[in-house]
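Shown next: protein-v4.cif, given as mmCIF, C-alpha atoms and all ligand atoms.
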```cif
data_work
#
loop_
_atom_site.group_PDB
_atom_site.id
_atom_site.type_symbol
_atom_site.label_atom_id
_atom_site.label_comp_id
_atom_site.auth_asym_id
_atom_site.auth_seq_id
_atom_site.Cartn_x
_atom_site.Cartn_y
_atom_site.Cartn_z
ATOM 1 C CA MET A 1 -147.350 -107.736 -275.974
ATOM 2 C CA SER A 2 -147.592 -107.301 -272.182
ATOM 3 C CA ALA A 3 -147.918 -110.357 -269.925
ATOM 4 C CA PRO A 4 -151.488 -111.128 -268.815
ATOM 5 C CA GLU A 5 -152.332 -110.227 -265.221
ATOM 6 C CA PRO A 6 -151.903 -113.385 -263.124
ATOM 7 C CA PHE A 7 -154.985 -115.225 -261.904
ATOM 8 C CA GLY A 8 -154.076 -114.731 -258.235
ATOM 9 C CA ALA A 9 -154.021 -110.947 -258.618
ATOM 10 C CA ARG A 10 -157.270 -110.954 -260.590
ATOM 11 C CA LEU A 11 -158.899 -113.197 -257.989
ATOM 12 C CA ARG A 12 -157.808 -111.005 -255.071
ATOM 13 C CA HIS A 13 -159.227 -107.968 -256.868
ATOM 14 C CA ALA A 14 -162.527 -109.782 -257.624
ATOM 15 C CA MET A 15 -162.810 -110.936 -253.985
ATOM 16 C CA ASP A 16 -162.224 -107.384 -252.769
ATOM 17 C CA GLU A 17 -164.833 -106.001 -255.166
ATOM 18 C CA ARG A 18 -167.554 -108.642 -255.012
ATOM 19 C CA GLY A 19 -166.721 -110.766 -251.963
ATOM 20 C CA PRO A 20 -165.248 -114.284 -252.000
ATOM 21 C CA LEU A 21 -168.380 -116.358 -252.731
ATOM 22 C CA CYS A 22 -168.101 -118.869 -255.568
ATOM 23 C CA VAL A 23 -171.352 -120.201 -256.997
ATOM 24 C CA GLY A 24 -171.155 -123.644 -258.544
ATOM 25 C CA ILE A 25 -173.156 -124.334 -261.695
ATOM 26 C CA ASP A 26 -174.184 -127.966 -261.319
ATOM 27 C CA PRO A 27 -177.194 -128.786 -263.482
ATOM 28 C CA HIS A 28 -178.152 -132.027 -261.720
ATOM 29 C CA ALA A 29 -181.050 -133.911 -263.333
ATOM 30 C CA SER A 30 -182.918 -133.486 -260.026
ATOM 31 C CA LEU A 31 -182.448 -129.697 -260.159
ATOM 32 C CA LEU A 32 -183.631 -129.520 -263.778
ATOM 33 C CA SER A 33 -186.744 -131.367 -262.666
ATOM 34 C CA ALA A 34 -187.220 -129.109 -259.617
ATOM 35 C CA TRP A 35 -186.987 -126.121 -261.978
ATOM 36 C CA ASP A 36 -189.683 -127.727 -264.142
ATOM 37 C CA LEU A 37 -187.212 -128.281 -266.966
ATOM 38 C CA ASP A 38 -186.674 -131.403 -269.037
ATOM 39 C CA ASP A 39 -183.468 -133.341 -268.597
ATOM 40 C CA ASP A 40 -182.345 -132.489 -272.120
ATOM 41 C CA ILE A 41 -180.247 -129.921 -273.939
ATOM 42 C CA ALA A 42 -183.014 -127.299 -273.899
ATOM 43 C CA GLY A 43 -183.381 -127.748 -270.128
ATOM 44 C CA LEU A 44 -179.614 -127.496 -269.644
ATOM 45 C CA GLU A 45 -179.462 -124.364 -271.792
ATOM 46 C CA ARG A 46 -182.337 -122.681 -269.933
ATOM 47 C CA PHE A 47 -180.947 -123.603 -266.507
ATOM 48 C CA THR A 48 -177.497 -122.261 -267.325
ATOM 49 C CA ARG A 49 -178.823 -119.075 -268.928
ATOM 50 C CA THR A 50 -180.937 -118.381 -265.833
ATOM 51 C CA VAL A 51 -177.976 -118.729 -263.453
ATOM 52 C CA VAL A 52 -175.864 -116.449 -265.644
ATOM 53 C CA GLU A 53 -178.633 -113.864 -265.913
ATOM 54 C CA ALA A 54 -179.297 -113.901 -262.164
ATOM 55 C CA LEU A 55 -175.775 -113.824 -260.795
ATOM 56 C CA ALA A 56 -173.054 -112.995 -263.332
ATOM 57 C CA GLY A 57 -173.040 -109.288 -262.484
ATOM 58 C CA THR A 58 -172.588 -109.659 -258.733
ATOM 59 C CA VAL A 59 -170.828 -112.914 -257.809
ATOM 60 C CA ALA A 60 -167.014 -112.956 -258.009
ATOM 61 C CA VAL A 61 -166.396 -116.553 -259.032
ATOM 62 C CA PHE A 62 -168.368 -119.288 -260.771
ATOM 63 C CA LYS A 63 -167.460 -122.959 -260.805
ATOM 64 C CA PRO A 64 -169.257 -124.808 -263.597
ATOM 65 C CA GLN A 65 -169.148 -128.544 -262.961
ATOM 66 C CA SER A 66 -168.039 -129.854 -266.350
ATOM 67 C CA ALA A 67 -169.502 -133.341 -265.785
ATOM 68 C CA PHE A 68 -173.075 -132.062 -265.881
ATOM 69 C CA PHE A 69 -172.439 -130.479 -269.299
ATOM 70 C CA GLU A 70 -170.325 -133.321 -270.718
ATOM 71 C CA ARG A 71 -173.156 -135.787 -270.135
ATOM 72 C CA PHE A 72 -175.053 -134.082 -272.997
ATOM 73 C CA GLY A 73 -172.121 -134.518 -275.412
ATOM 74 C CA SER A 74 -170.994 -131.832 -277.828
ATOM 75 C CA ARG A 75 -174.197 -129.807 -277.414
ATOM 76 C CA GLY A 76 -173.664 -129.721 -273.657
ATOM 77 C CA ILE A 77 -170.097 -128.526 -274.177
ATOM 78 C CA ALA A 78 -171.448 -125.763 -276.442
ATOM 79 C CA VAL A 79 -173.724 -124.597 -273.601
ATOM 80 C CA LEU A 80 -170.722 -124.626 -271.271
ATOM 81 C CA GLU A 81 -168.578 -122.620 -273.710
ATOM 82 C CA LYS A 82 -171.266 -119.965 -274.046
ATOM 83 C CA ALA A 83 -171.706 -119.719 -270.268
ATOM 84 C CA VAL A 84 -167.963 -119.344 -269.704
ATOM 85 C CA ALA A 85 -167.798 -116.520 -272.250
ATOM 86 C CA GLU A 86 -170.843 -114.736 -270.818
ATOM 87 C CA LEU A 87 -169.682 -115.024 -267.209
ATOM 88 C CA ARG A 88 -166.262 -113.626 -268.087
ATOM 89 C CA GLU A 89 -167.787 -110.827 -270.142
ATOM 90 C CA ALA A 90 -169.843 -109.862 -267.075
ATOM 91 C CA GLY A 91 -166.635 -109.491 -265.056
ATOM 92 C CA ALA A 92 -166.821 -112.768 -263.123
ATOM 93 C CA LEU A 93 -164.017 -115.309 -262.915
ATOM 94 C CA VAL A 94 -164.596 -118.901 -264.016
ATOM 95 C CA VAL A 95 -163.048 -121.906 -262.289
ATOM 96 C CA MET A 96 -163.705 -124.896 -264.511
ATOM 97 C CA ASP A 97 -164.342 -127.876 -262.252
ATOM 98 C CA ALA A 98 -163.142 -130.649 -264.543
ATOM 99 C CA LYS A 99 -160.633 -132.280 -262.146
ATOM 100 C CA ARG A 100 -158.214 -133.233 -264.885
ATOM 101 C CA GLY A 101 -155.110 -135.271 -264.174
ATOM 102 C CA ASP A 102 -153.012 -137.621 -266.346
ATOM 103 C CA ILE A 103 -149.462 -138.357 -267.424
ATOM 104 C CA GLY A 104 -147.647 -135.175 -268.431
ATOM 105 C CA SER A 105 -148.054 -135.507 -272.217
ATOM 106 C CA THR A 106 -151.832 -135.933 -271.905
ATOM 107 C CA MET A 107 -151.994 -133.306 -269.192
ATOM 108 C CA ALA A 108 -150.550 -130.903 -271.753
ATOM 109 C CA ALA A 109 -153.606 -131.484 -273.957
ATOM 110 C CA TYR A 110 -155.982 -130.901 -271.038
ATOM 111 C CA ALA A 111 -154.081 -127.708 -270.324
ATOM 112 C CA GLU A 112 -154.461 -126.589 -273.962
ATOM 113 C CA THR A 113 -158.207 -127.174 -273.626
ATOM 114 C CA PHE A 114 -158.829 -125.079 -270.525
ATOM 115 C CA LEU A 115 -155.800 -122.846 -269.999
ATOM 116 C CA HIS A 116 -154.807 -121.592 -273.447
ATOM 117 C CA LYS A 117 -156.264 -118.157 -274.064
ATOM 118 C CA ASP A 118 -157.329 -119.079 -277.625
ATOM 119 C CA SER A 119 -159.303 -122.154 -276.584
ATOM 120 C CA PRO A 120 -163.110 -121.876 -276.646
ATOM 121 C CA LEU A 121 -163.142 -123.350 -273.122
ATOM 122 C CA PHE A 122 -160.459 -121.017 -271.740
ATOM 123 C CA SER A 123 -161.196 -120.534 -268.061
ATOM 124 C CA ASP A 124 -159.575 -118.383 -265.416
ATOM 125 C CA ALA A 125 -158.637 -121.519 -263.485
ATOM 126 C CA LEU A 126 -159.031 -125.289 -263.654
ATOM 127 C CA THR A 127 -159.374 -127.934 -260.957
ATOM 128 C CA VAL A 128 -156.743 -130.668 -261.342
ATOM 129 C CA SER A 129 -155.846 -133.901 -259.607
ATOM 130 C CA PRO A 130 -152.264 -134.421 -258.385
ATOM 131 C CA TYR A 131 -152.720 -138.148 -257.813
ATOM 132 C CA LEU A 132 -150.598 -139.149 -260.799
ATOM 133 C CA GLY A 133 -147.814 -137.278 -259.023
ATOM 134 C CA TYR A 134 -147.620 -133.511 -258.598
ATOM 135 C CA GLY A 135 -144.924 -133.340 -261.296
ATOM 136 C CA SER A 136 -147.408 -134.627 -263.896
ATOM 137 C CA LEU A 137 -149.191 -131.264 -263.577
ATOM 138 C CA LYS A 138 -146.142 -129.341 -264.840
ATOM 139 C CA PRO A 139 -147.582 -128.649 -268.354
ATOM 140 C CA ALA A 140 -150.699 -127.169 -266.728
ATOM 141 C CA VAL A 141 -148.664 -125.052 -264.313
ATOM 142 C CA GLU A 142 -146.578 -123.700 -267.200
ATOM 143 C CA LEU A 143 -149.477 -122.949 -269.529
ATOM 144 C CA ALA A 144 -151.472 -121.361 -266.704
ATOM 145 C CA ARG A 145 -148.528 -119.046 -265.996
ATOM 146 C CA GLU A 146 -148.183 -118.079 -269.669
ATOM 147 C CA ASN A 147 -151.886 -117.273 -269.984
ATOM 148 C CA GLY A 148 -152.568 -115.558 -266.669
ATOM 149 C CA ALA A 149 -154.667 -118.488 -265.487
ATOM 150 C CA GLY A 150 -154.578 -120.567 -262.309
ATOM 151 C CA LEU A 151 -155.055 -124.061 -260.956
ATOM 152 C CA PHE A 152 -156.880 -125.511 -257.986
ATOM 153 C CA VAL A 153 -155.172 -128.736 -257.017
ATOM 154 C CA LEU A 154 -157.122 -131.355 -255.057
ATOM 155 C CA ALA A 155 -155.438 -131.465 -251.645
ATOM 156 C CA LEU A 156 -158.043 -132.227 -248.974
ATOM 157 C CA THR A 157 -161.357 -132.903 -250.669
ATOM 158 C CA SER A 158 -164.734 -132.430 -249.012
ATOM 159 C CA ASN A 159 -165.841 -136.075 -249.316
ATOM 160 C CA PRO A 160 -165.117 -138.538 -246.490
ATOM 161 C CA GLU A 161 -163.548 -141.078 -248.905
ATOM 162 C CA GLY A 162 -160.702 -138.670 -249.720
ATOM 163 C CA ALA A 163 -158.927 -139.274 -246.424
ATOM 164 C CA GLU A 164 -157.648 -142.770 -247.304
ATOM 165 C CA VAL A 165 -155.463 -141.252 -250.021
ATOM 166 C CA GLN A 166 -154.897 -137.696 -248.819
ATOM 167 C CA HIS A 167 -154.076 -138.476 -245.171
ATOM 168 C CA ALA A 168 -151.806 -141.391 -246.107
ATOM 169 C CA LEU A 169 -148.302 -141.100 -244.673
ATOM 170 C CA ARG A 170 -145.272 -141.032 -246.942
ATOM 171 C CA GLU A 171 -141.920 -142.517 -246.028
ATOM 172 C CA ASP A 172 -140.767 -139.117 -244.738
ATOM 173 C CA GLY A 173 -143.695 -139.005 -242.289
ATOM 174 C CA ARG A 174 -145.603 -136.279 -244.148
ATOM 175 C CA THR A 175 -149.096 -136.862 -245.407
ATOM 176 C CA VAL A 176 -149.803 -136.891 -249.132
ATOM 177 C CA ALA A 177 -151.993 -133.787 -248.740
ATOM 178 C CA ALA A 178 -149.268 -131.885 -246.851
ATOM 179 C CA THR A 179 -146.886 -132.682 -249.704
ATOM 180 C CA VAL A 180 -149.355 -131.286 -252.258
ATOM 181 C CA LEU A 181 -149.757 -128.135 -250.149
ATOM 182 C CA GLY A 182 -145.960 -127.835 -249.960
ATOM 183 C CA HIS A 183 -145.665 -127.942 -253.763
ATOM 184 C CA LEU A 184 -148.280 -125.191 -254.037
ATOM 185 C CA ALA A 185 -146.497 -122.992 -251.493
ATOM 186 C CA ALA A 186 -143.354 -123.318 -253.630
ATOM 187 C CA GLU A 187 -145.245 -122.333 -256.840
ATOM 188 C CA ASN A 188 -146.651 -119.247 -255.101
ATOM 189 C CA ALA A 189 -143.506 -118.075 -253.319
ATOM 190 C CA GLY A 190 -143.038 -114.313 -253.588
ATOM 191 C CA GLN A 191 -146.254 -113.723 -255.539
ATOM 192 C CA GLU A 192 -148.251 -110.654 -254.549
ATOM 193 C CA PRO A 193 -151.002 -110.040 -253.664
ATOM 194 C CA LEU A 194 -151.798 -113.776 -254.036
ATOM 195 C CA GLY A 195 -150.326 -116.694 -255.945
ATOM 196 C CA SER A 196 -152.267 -118.317 -258.780
ATOM 197 C CA PHE A 197 -151.890 -121.937 -257.680
ATOM 198 C CA GLY A 198 -154.591 -122.837 -255.201
ATOM 199 C CA ALA A 199 -155.700 -125.904 -253.307
ATOM 200 C CA VAL A 200 -159.115 -127.519 -252.995
ATOM 201 C CA VAL A 201 -159.787 -127.923 -249.285
ATOM 202 C CA GLY A 202 -163.261 -128.985 -248.195
ATOM 203 C CA ALA A 203 -165.184 -126.774 -245.780
ATOM 204 C CA THR A 204 -166.564 -130.001 -244.298
ATOM 205 C CA LEU A 205 -163.292 -131.180 -242.762
ATOM 206 C CA GLY A 206 -163.298 -129.644 -239.292
ATOM 207 C CA ASP A 207 -160.060 -128.677 -237.607
ATOM 208 C CA LEU A 208 -157.174 -128.670 -240.104
ATOM 209 C CA SER A 209 -154.625 -127.088 -237.792
ATOM 210 C CA SER A 210 -152.230 -129.988 -238.394
ATOM 211 C CA TYR A 211 -151.916 -128.774 -242.013
ATOM 212 C CA ASP A 212 -150.044 -125.683 -243.155
ATOM 213 C CA LEU A 213 -152.647 -123.937 -245.301
ATOM 214 C CA GLY A 214 -150.428 -120.873 -245.690
ATOM 215 C CA ILE A 215 -149.630 -121.549 -249.337
ATOM 216 C CA ASN A 216 -149.872 -117.880 -250.380
ATOM 217 C CA GLY A 217 -152.570 -118.985 -252.785
ATOM 218 C CA PRO A 218 -156.344 -119.353 -252.835
ATOM 219 C CA LEU A 219 -158.165 -122.180 -251.070
ATOM 220 C CA LEU A 220 -161.280 -123.300 -252.925
ATOM 221 C CA ALA A 221 -163.663 -124.598 -250.276
ATOM 222 C CA PRO A 222 -166.564 -126.726 -251.526
ATOM 223 C CA GLY A 223 -168.927 -128.439 -249.119
ATOM 224 C CA ILE A 224 -171.060 -125.513 -247.945
ATOM 225 C CA GLY A 225 -174.796 -126.055 -248.222
ATOM 226 C CA ALA A 226 -175.853 -129.490 -249.475
ATOM 227 C CA GLN A 227 -172.809 -131.262 -247.968
ATOM 228 C CA GLY A 228 -173.497 -129.810 -244.534
ATOM 229 C CA ALA A 229 -170.841 -127.169 -243.902
ATOM 230 C CA THR A 230 -171.857 -123.570 -243.192
ATOM 231 C CA PRO A 231 -170.089 -120.217 -243.592
ATOM 232 C CA ALA A 232 -169.752 -120.087 -239.798
ATOM 233 C CA ASP A 233 -167.490 -123.167 -240.003
ATOM 234 C CA LEU A 234 -164.886 -121.383 -242.138
ATOM 235 C CA PRO A 235 -162.728 -119.753 -239.425
ATOM 236 C CA GLY A 236 -162.546 -123.015 -237.476
ATOM 237 C CA VAL A 237 -161.506 -125.025 -240.527
ATOM 238 C CA PHE A 238 -159.100 -122.550 -242.141
ATOM 239 C CA GLY A 239 -157.691 -120.563 -239.220
ATOM 240 C CA ALA A 240 -155.371 -117.755 -240.290
ATOM 241 C CA ALA A 241 -155.742 -118.762 -243.955
ATOM 242 C CA VAL A 242 -159.447 -117.895 -243.969
ATOM 243 C CA ARG A 243 -158.873 -114.655 -245.879
ATOM 244 C CA ASN A 244 -157.648 -116.644 -248.874
ATOM 245 C CA VAL A 245 -160.682 -118.933 -248.889
ATOM 246 C CA VAL A 246 -163.097 -118.986 -251.823
ATOM 247 C CA PRO A 247 -166.166 -120.698 -250.334
ATOM 248 C CA SER A 248 -168.094 -122.589 -253.000
ATOM 249 C CA VAL A 249 -171.821 -123.354 -252.952
ATOM 250 C CA SER A 250 -173.701 -125.133 -255.729
ATOM 251 C CA ARG A 251 -176.988 -126.832 -254.742
ATOM 252 C CA GLY A 252 -177.347 -124.561 -251.690
ATOM 253 C CA VAL A 253 -177.941 -121.637 -254.088
ATOM 254 C CA LEU A 254 -179.349 -123.426 -257.144
ATOM 255 C CA ARG A 255 -182.249 -124.955 -255.232
ATOM 256 C CA TYR A 256 -183.765 -121.457 -254.985
ATOM 257 C CA GLY A 257 -184.203 -121.217 -258.798
ATOM 258 C CA PRO A 258 -185.581 -120.815 -261.334
ATOM 259 C CA ASP A 259 -186.852 -117.598 -259.787
ATOM 260 C CA ILE A 260 -184.188 -114.944 -260.476
ATOM 261 C CA ALA A 261 -184.941 -113.121 -257.210
ATOM 262 C CA GLY A 262 -184.749 -116.446 -255.343
ATOM 263 C CA LEU A 263 -181.287 -117.176 -256.760
ATOM 264 C CA ARG A 264 -180.085 -113.658 -256.030
ATOM 265 C CA GLY A 265 -181.472 -113.785 -252.506
ATOM 266 C CA ALA A 266 -179.761 -117.115 -251.769
ATOM 267 C CA ALA A 267 -176.414 -115.886 -253.092
ATOM 268 C CA GLU A 268 -176.725 -112.681 -251.064
ATOM 269 C CA ARG A 269 -177.521 -114.626 -247.881
ATOM 270 C CA PHE A 270 -174.452 -116.838 -248.323
ATOM 271 C CA ALA A 271 -172.322 -113.789 -249.164
ATOM 272 C CA ASP A 272 -173.534 -111.994 -246.012
ATOM 273 C CA GLU A 273 -172.918 -115.042 -243.806
ATOM 274 C CA ILE A 274 -169.433 -115.483 -245.283
ATOM 275 C CA ARG A 275 -168.636 -111.801 -244.754
ATOM 276 C CA ALA A 276 -169.801 -112.018 -241.139
ATOM 277 C CA ALA A 277 -167.796 -115.195 -240.465
ATOM 278 C CA VAL A 278 -164.599 -114.148 -242.220
ATOM 279 C CA GLY A 279 -164.781 -110.535 -241.057
ATOM 280 C CA ALA A 280 -165.060 -111.659 -237.437
ATOM 281 C CA ALA A 281 -162.113 -114.061 -237.759
HETATM 282 O O1 LIG A 301 -163.572 -131.682 -252.670
HETATM 283 C C1 LIG A 301 -164.417 -131.386 -253.504
HETATM 284 C C2 LIG A 301 -164.083 -130.946 -254.775
HETATM 285 C C3 LIG A 301 -165.078 -130.560 -255.625
HETATM 286 N N1 LIG A 301 -166.379 -130.627 -255.262
HETATM 287 C C4 LIG A 301 -167.385 -130.164 -256.257
HETATM 288 O O2 LIG A 301 -168.042 -129.009 -255.712
HETATM 289 C C5 LIG A 301 -169.429 -129.066 -256.001
HETATM 290 C C6 LIG A 301 -170.192 -129.180 -254.685
HETATM 291 O O3 LIG A 301 -171.580 -129.071 -254.936
HETATM 292 P P1 LIG A 301 -172.634 -128.817 -253.728
HETATM 293 O O4 LIG A 301 -173.940 -128.912 -254.445
HETATM 294 O O5 LIG A 301 -172.373 -127.427 -253.192
HETATM 295 O O6 LIG A 301 -172.423 -129.894 -252.737
HETATM 296 C C7 LIG A 301 -169.634 -130.251 -256.922
HETATM 297 O O7 LIG A 301 -169.488 -129.795 -258.251
HETATM 298 C C8 LIG A 301 -168.487 -131.172 -256.577
HETATM 299 O O8 LIG A 301 -168.092 -131.978 -257.659
HETATM 300 C C9 LIG A 301 -166.713 -131.049 -254.016
HETATM 301 O O9 LIG A 301 -167.901 -131.109 -253.634
HETATM 302 N N2 LIG A 301 -165.712 -131.422 -253.157
#
```
Render the structure in this file as structure tokens.
Ligand SMILES: O=c1ccn([C@@H]2O[C@H](COP(=O)(O)O)[C@@H](O)[C@H]2O)c(=O)[nH]1
Amino acid sequence: MSAPEPFGARLRHAMDERGPLCVGIDPHASLLSAWDLDDDIAGLERFTRTVVEALAGTVAVFKPQSAFFERFGSRGIAVLEKAVAELREAGALVVMDAKRGDIGSTMAAYAETFLHKDSPLFSDALTVSPYLGYGSLKPAVELARENGAGLFVLALTSNPEGAEVQHALREDGRTVAATVLGHLAAENAGQEPLGSFGAVVGATLGDLSSYDLGINGPLLAPGIGAQGATPADLPGVFGAAVRNVVPSVSRGVLRYGPDIAGLRGAAERFADEIRAAVGAA
């Protein structure tokens, strides 16, 4: 059997075809209410189905936020599984935002859940936390490679609280975040057209020129929309790495539902603004 096409190559192709926008699927209780839906499993199901119907055929990447599905227990997970399958069938890539991280032996089980092709929750990529030590992610790196999947490792998160950990200086004078980025650059060395091991780097962070974002892998950039960043900020934050950025918007798009045309219009506006900003960079 031939090896699956690596996530990085599939992502580059999807970005070329559909543009780099990632739409987050975050069924907040407040959004369910704004969509006139109950905060229950039927509301969750309807919300998710509407997003899939509106956007699965045109947006390159979706990032379901697992927490909003997990809070409904096994029935919420079933809604998530169905959405992942439908999004992938429609040709979109799915980055599961579950931010898993644990000691290696437990990390292996998380990896089996999201990165093994036979798992019902198999996703094209998974967000993971390196804060139990980058080496603890090894089982996920290995299983992702075997299954043509990828990882997005939390490096410089969009929230202001992240700095106390991520900007901390190690004994060698490097920051913790720079060390994470260095590990990712090593994973992606020599991979063409793009490595499969990306970093999460918030679009909210301003000038990051003191960091080497040239990891030859994708940079998932949350923070656009509700957290205050805009597509026009991207070149200033990411510099030369901007062409590898996957800008992610959740509430900034979702607040235009449940109207299908409203959701499509919002996604198109963000996609146009991103194209203008990145194309001009
Ligand atoms: O650094 C990070 C990492 C992940 N997130 C997640 O992205 C979305 C952001 O939602 P918005 O509605 O577009 O603000 C959410 O799922 C976060 O958990 C992040 O914001 N920052």
So how many Å separate CA of Gly150 in chain A and CA of His116 in chain A, to one decimal?
11.2 Å
What does the distance from CA of Thr204 in chain A to CA of Glu192 in chain A come to in Å, to one decimal?
28.5 Å
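Residues of protein or nucleic acid lying within 6 Å of ligand LIG 301 (chain A), counting all atoms listed in the file, are Asp26, Gln65, Thr157, Ser158, Asn159, Gly202, Pro222, Gly223, Ile224, Gly225, Ala226, Gln227, Val249, Ser250, Arg251 and Gly252 of chain A.
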Nearest to Leu80 in chain A, chosen from A:Glu45, A:Asp272, A:Asp233, A:Glu187, with all atoms listed in the file counted in the distances
A:Glu45
Quick one: everything within 7 Å of Lys63 in chain A, counting only C-alpha atoms, minus sequence neighbours fewer than 4 positions away in the same chain. Send it as a PyMOL selection string.
chain A and resi 22-25+94-97
Provide the CA of Leu126 in chain A to CA of Leu151 in chain A distance in Å, to one decimal place.
5.0 Å
So which residues get picked by the PyMOL selection byres (((chain A and resi 58) around 12) and not hetatm) here, written as a ChimeraX atom specification?
/A:14-15,17-23,51-57,59-62,87-88,90-93,263-265,267-268,271
Give as a ChimeraX atom specification each residue that has an atom at most 12 Å from (-156.6, -121.5, -252.7) in the file, counting all atoms listed in the file.
/A:7-8,11-12,20,95,125-127,150-156,181,184-185,188,194-202,213-222,238,241-248
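Look at Pro4 in chain A: the protein and nucleic acid residues within 8 Å of it, using all atoms listed in the file and passing over chain neighbours fewer than 2 places away, are Ser2, Pro6, Glu146, Asn147 and Gly148 of chain A.
Of the listed residues A:Thr50, A:Lys138, A:Glu81, A:Ala277, the one whose atoms come nearest to Ala261 in chain A is A:Thr50, with distances taken using only C-alpha atoms.
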Emit as JSON the padded axis-aligned box for all listed atoms of range 32-38 of chain A, 8 Å per side, with centre and edge lengths in Å to one decimal.
```
{"center_x": -186.7, "center_y": -128.8, "center_z": -264.3, "size_x": 22.1, "size_y": 21.3, "size_z": 25.4}
```
As JSON, numbers by chain, please: the residues near Pro27 in chain A (cut-off 8 Å, all atoms listed in the file, same-chain neighbours under 2 positions excluded).
{"A": [25, 29, 31, 32, 44, 47, 48, 68, 69]}
Starting from the PyMOL selection byres (((chain A and resi 131) around 12) and not hetatm), expand the selection into actual residues of this file and give them as a ChimeraX atom specification.
/A:99-103,128-130,132-137,153-156,162,165-166,176-177,179-180
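Using all atoms listed in the file, the shortest contact distance between Arg145 in chain A and any of A:Leu115, A:Ala276, A:Ala42, A:Ala85 is found at A:Leu115.
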Run the PyMOL selection byres (((chain A and resi 210) around 12) and not hetatm) mentally over the shown coordinates, then write out the matched residues as an MDAnalysis selection string, using the chain letters and numbers from the document.
chainID A and resid 167 174:175 177:178 205:209 211:214 237:239
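The smallest atom-to-atom distance between Glu89 in chain A and any of A:Ser123, A:Ala240, A:Gly73, A:Ala168, using all atoms listed in the file, is found for A:Ser123.
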Please rebuild range 118-130 of chain A with N, CA and C atoms and give the result as a PDB file, keeping the file's coordinate frame.
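Listed below is the output, selection.pdb:
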```
ATOM      1  N   ASP A 118    -156.590-118.988-276.359  1.00  0.00           N
ATOM      2  CA  ASP A 118    -157.329-119.079-277.625  1.00  0.00           C
ATOM      3  C   ASP A 118    -158.313-120.248-277.663  1.00  0.00           C
ATOM      4  N   SER A 119    -158.368-121.022-276.593  1.00  0.00           N
ATOM      5  CA  SER A 119    -159.303-122.154-276.584  1.00  0.00           C
ATOM      6  C   SER A 119    -160.725-121.672-276.297  1.00  0.00           C
ATOM      7  N   PRO A 120    -161.727-122.289-276.940  1.00  0.00           N
ATOM      8  CA  PRO A 120    -163.110-121.876-276.646  1.00  0.00           C
ATOM      9  C   PRO A 120    -163.529-122.171-275.209  1.00  0.00           C
ATOM     10  N   LEU A 121    -162.797-123.039-274.521  1.00  0.00           N
ATOM     11  CA  LEU A 121    -163.142-123.350-273.122  1.00  0.00           C
ATOM     12  C   LEU A 121    -162.185-122.675-272.139  1.00  0.00           C
ATOM     13  N   PHE A 122    -161.424-121.677-272.637  1.00  0.00           N
ATOM     14  CA  PHE A 122    -160.459-121.017-271.740  1.00  0.00           C
ATOM     15  C   PHE A 122    -161.168-120.517-270.482  1.00  0.00           C
ATOM     16  N   SER A 123    -160.608-120.897-269.351  1.00  0.00           N
ATOM     17  CA  SER A 123    -161.196-120.534-268.061  1.00  0.00           C
ATOM     18  C   SER A 123    -160.115-119.846-267.228  1.00  0.00           C
ATOM     19  N   ASP A 124    -160.555-119.081-266.249  1.00  0.00           N
ATOM     20  CA  ASP A 124    -159.575-118.383-265.416  1.00  0.00           C
ATOM     21  C   ASP A 124    -158.752-119.359-264.592  1.00  0.00           C
ATOM     22  N   ALA A 125    -159.369-120.487-264.243  1.00  0.00           N
ATOM     23  CA  ALA A 125    -158.637-121.519-263.485  1.00  0.00           C
ATOM     24  C   ALA A 125    -159.309-122.862-263.732  1.00  0.00           C
ATOM     25  N   LEU A 126    -158.570-123.909-263.419  1.00  0.00           N
ATOM     26  CA  LEU A 126    -159.031-125.289-263.654  1.00  0.00           C
ATOM     27  C   LEU A 126    -158.747-126.126-262.410  1.00  0.00           C
ATOM     28  N   THR A 127    -159.679-126.985-262.037  1.00  0.00           N
ATOM     29  CA  THR A 127    -159.374-127.934-260.957  1.00  0.00           C
ATOM     30  C   THR A 127    -158.618-129.124-261.558  1.00  0.00           C
ATOM     31  N   VAL A 128    -157.571-129.552-260.855  1.00  0.00           N
ATOM     32  CA  VAL A 128    -156.743-130.668-261.342  1.00  0.00           C
ATOM     33  C   VAL A 128    -156.441-131.630-260.195  1.00  0.00           C
ATOM     34  N   SER A 129    -156.174-132.870-260.594  1.00  0.00           N
ATOM     35  CA  SER A 129    -155.846-133.901-259.607  1.00  0.00           C
ATOM     36  C   SER A 129    -154.346-134.182-259.616  1.00  0.00           C
ATOM     37  N   PRO A 130    -153.704-134.170-258.441  1.00  0.00           N
ATOM     38  CA  PRO A 130    -152.264-134.421-258.385  1.00  0.00           C
ATOM     39  C   PRO A 130    -151.943-135.901-258.144  1.00  0.00           C
TER      40      PRO A 130
END
```
